[in-house]
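J.: Structure provided below as structure tokens; questions to follow.
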Amino acid sequence: MQQTAQQQEMQQAQRQQRRQHHQHQQEEQYSQDQDQREQQRQQEYEVQALRAILADTAWVAGPYSPPPAHGPPQENHHEHQQEQADGLPNRQQQRGLGEQRRGQGPLHWHTAQGHLSFSSKNFTVRRVTALQLSVERAARRAAWHQCACSAISLASALPAPDPSLHANHLISDLPWRINEVWRLRWGNKWKEIWWRLLLHGVPGAGGHGISWARGSACVCGWQVADTAPCVVRASQQREHVFWTCPRAQVALDILAKNLPPGTSVLPVHVWLLVPPNPCVNERVWWVVCLCALNAMRRLRFCNPQDLQEHALNLLLEGLKDFQACQGRQPSLATSLSHAHPFLATDANLNLVPHLIP
Ligand SMILES: [Zn+2]
């Protein structure tokens, strides 16, 4: 009887092991599928970007076809016959090609016929630079997309089925926001961390895909999974340093306390600078998020006994510095109330930090 009970236990343990193994395999497969889909999307995006630039700057033509910018091509019976004989696009086809310049015409003809013409008038330094930077632009967009996906997944208790669509929506106005944040009258040292966070380039937080050494831990004691690939560990470190670490949470708690009751602060709000509540002025939210991101990093080197006080001081330091940089320009102050969270106005319409500890 005892032996039977032991056998049953062993069988149960084996079944459990098999279940775990199967689950692990499924998770791995899911992760690989996600990566493949993302790579495909990335490649498609790069091709589309290159195609769009080529369509704007170049067209394909035979050796005797004038560029469309020089006016409509003249009909010439002899040439027409010659073109047909050579198998080159005739005038009518070229006109159609001109109409397709914004579609996939030029690239299509380029691959089909091997002739690509560029107009010196249209081929400006600006466009050539755009052409040269198309790969870098695609890589930058992919990094933003990955950052947004990571922020979405962080907020859900279960693995997000496919955060890609939501991420695309979130990053659609990111170029505008980055531009506006960069135009804030404030030192770049406060803005740099956000720019780096979006591109996964914060040193010490998995930036540039460089993860901590295996076996090392965060100041709070958290350790990354040693068995995970380097890229995954680097991504987990960004999520930890700028969200799940208790030190980051101290700064995030202060943000939450200062918002209207019932407002949740999610990673997408802080990582992409999206205001969590319409009552909060978006520029003020950008400023306080930049202060919080800087504080999260600096809190890692503070005494653990006084984290709350340190976090408050670091946030206040940032807000005061921003206030000092504004001088007497009234644009932001006029749109803030006397009780606006984070930055308010006094009786003389001067900006003042307004932070509840
Ligand atoms: Zn930590």
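Labeling convention for the structure tokens: chains A, B, ... as they appear, residues from 1 per chain, ligands from 1 in order of appearance.
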With only C-alpha atoms as the counted atoms, please give the residues lying no more than 12 Å from segment 152-166 of chain A, apart from itself and same-chain residues fewer than 6 positions off, as a VMD selection string.
T.: chain A and resid 27 30 to 31 33 to 35 37 to 38 41 to 42 142 144 to 146 172 235 to 236 238 to 240 242 to 244 264 to 272
J.: I want to know what sits within 12 Å of Asn348 of chain A, based on only C-alpha atoms, with residues of the same chain fewer than 6 positions away left out; could you give that as a list in words?
T.: Arg328, Pro330, Ala333, Thr334, Ser337 and His338 of chain A
J.: How would you report the residues lying within 6 Å of ligand 1, as a PDB file with C-alpha atoms, in the first residue's frame, if you count only C-alpha atoms and all ligand atoms?
T.:
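Now in out29.pdb:
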ATOM      1  CA  CYS A 218      19.148  45.983  -7.576  1.00  0.00           C
ATOM      2  CA  VAL A 219      19.645  48.035  -4.408  1.00  0.00           C
ATOM      3  CA  CYS A 220      16.226  46.778  -3.288  1.00  0.00           C
ATOM      4  CA  TRP A 222      15.502  42.373  -6.865  1.00  0.00           C
ATOM      5  CA  CYS A 245      11.428  49.089  -7.969  1.00  0.00           C
ATOM      6  CA  PRO A 246      10.203  50.253  -4.534  1.00  0.00           C
TER       7      PRO A 246
END
J.: Set the distance at 12 Å and use only C-alpha atoms: which residues neighbour Gln305 of chain A once local chain neighbours fewer than 6 positions away are removed? I'd like the list as a VMD selection string.
T.: chain A and resid 247 299 311
J.: Once you have the residues from the selection above, write them out as a PDB file, in the first residue's frame, restricted to C-alpha atoms.
T.:
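What ended up in selection22.pdb:
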ATOM      1  CA  ARG A 247      12.442  53.313  -4.933  1.00  0.00           C
ATOM      2  CA  LEU A 299      16.839  57.654  -5.496  1.00  0.00           C
ATOM      3  CA  ALA A 311      11.885  61.880  -3.375  1.00  0.00           C
TER       4      ALA A 311
END
J.: What does the distance from atom CA of His200 of chain A to atom CA of Val287 of chain A come to in Å, to one decimal?
T.: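 Going from atom CA of His200 of chain A over to atom CA of Val287 of chain A, I get 20.1 Å.
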J.: Under the rule that only C-alpha atoms are counted, which of A:Ala130, A:Ala143, A:Cys302, A:Leu315 is the nearest residue to Ala52 of chain A?
T.: A:Ala130
J.: When you look at Ser331 of chain A with a cut-off of 12 Å (counting only C-alpha atoms), what residues show up, excluding the ones that are within fewer than 2 positions of it in the same chain? I need them as a PDB file with N, CA and C atoms, in the first residue's frame.
T.:
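Dumped to part.pdb:
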ATOM      1  N   LEU A 184      10.473  73.276 -24.396  1.00  0.00           N
ATOM      2  CA  LEU A 184      10.222  73.858 -23.065  1.00  0.00           C
ATOM      3  C   LEU A 184      11.444  74.660 -22.643  1.00  0.00           C
ATOM      4  N   ARG A 185      11.180  75.796 -22.038  1.00  0.00           N
ATOM      5  CA  ARG A 185      12.304  76.626 -21.584  1.00  0.00           C
ATOM      6  C   ARG A 185      12.847  76.023 -20.278  1.00  0.00           C
ATOM      7  N   ARG A 283       1.445  70.347 -20.121  1.00  0.00           N
ATOM      8  CA  ARG A 283       2.840  70.791 -19.999  1.00  0.00           C
ATOM      9  C   ARG A 283       3.346  70.602 -18.572  1.00  0.00           C
ATOM     10  N   GLN A 326      11.494  79.977 -16.271  1.00  0.00           N
ATOM     11  CA  GLN A 326      10.391  80.555 -17.056  1.00  0.00           C
ATOM     12  C   GLN A 326      10.441  82.077 -17.124  1.00  0.00           C
ATOM     13  N   GLY A 327      11.171  82.691 -16.177  1.00  0.00           N
ATOM     14  CA  GLY A 327      11.229  84.150 -16.172  1.00  0.00           C
ATOM     15  C   GLY A 327       9.831  84.730 -15.996  1.00  0.00           C
ATOM     16  N   ARG A 328       9.514  85.715 -16.823  1.00  0.00           N
ATOM     17  CA  ARG A 328       8.212  86.359 -16.665  1.00  0.00           C
ATOM     18  C   ARG A 328       7.249  85.997 -17.798  1.00  0.00           C
ATOM     19  N   GLN A 329       7.586  84.933 -18.541  1.00  0.00           N
ATOM     20  CA  GLN A 329       6.656  84.615 -19.644  1.00  0.00           C
ATOM     21  C   GLN A 329       5.356  84.056 -19.065  1.00  0.00           C
ATOM     22  N   ALA A 333       1.511  80.181 -17.006  1.00  0.00           N
ATOM     23  CA  ALA A 333       0.882  80.612 -15.751  1.00  0.00           C
ATOM     24  C   ALA A 333      -0.590  80.995 -15.954  1.00  0.00           C
ATOM     25  N   THR A 334      -0.915  81.581 -17.090  1.00  0.00           N
ATOM     26  CA  THR A 334      -2.295  82.027 -17.303  1.00  0.00           C
ATOM     27  C   THR A 334      -3.267  80.858 -17.427  1.00  0.00           C
ATOM     28  N   SER A 335      -2.743  79.703 -17.787  1.00  0.00           N
ATOM     29  CA  SER A 335      -3.656  78.563 -17.940  1.00  0.00           C
ATOM     30  C   SER A 335      -3.719  77.678 -16.699  1.00  0.00           C
ATOM     31  N   LEU A 336      -3.076  78.107 -15.612  1.00  0.00           N
ATOM     32  CA  LEU A 336      -3.090  77.299 -14.381  1.00  0.00           C
ATOM     33  C   LEU A 336      -3.874  77.999 -13.285  1.00  0.00           C
ATOM     34  N   THR A 345      -0.349  78.853  -9.576  1.00  0.00           N
ATOM     35  CA  THR A 345       0.007  80.272  -9.708  1.00  0.00           C
ATOM     36  C   THR A 345      -0.341  80.997  -8.414  1.00  0.00           C
ATOM     37  N   LEU A 349       0.169  85.872 -10.540  1.00  0.00           N
ATOM     38  CA  LEU A 349       0.298  84.994 -11.714  1.00  0.00           C
ATOM     39  C   LEU A 349       1.727  84.485 -11.930  1.00  0.00           C
ATOM     40  N   ASN A 350       2.426  84.305 -10.824  1.00  0.00           N
ATOM     41  CA  ASN A 350       3.757  83.686 -10.911  1.00  0.00           C
ATOM     42  C   ASN A 350       3.605  82.189 -10.656  1.00  0.00           C
ATOM     43  N   LEU A 351       4.410  81.407 -11.320  1.00  0.00           N
ATOM     44  CA  LEU A 351       4.377  79.953 -11.104  1.00  0.00           C
ATOM     45  C   LEU A 351       4.948  79.614  -9.732  1.00  0.00           C
TER      46      LEU A 351
END
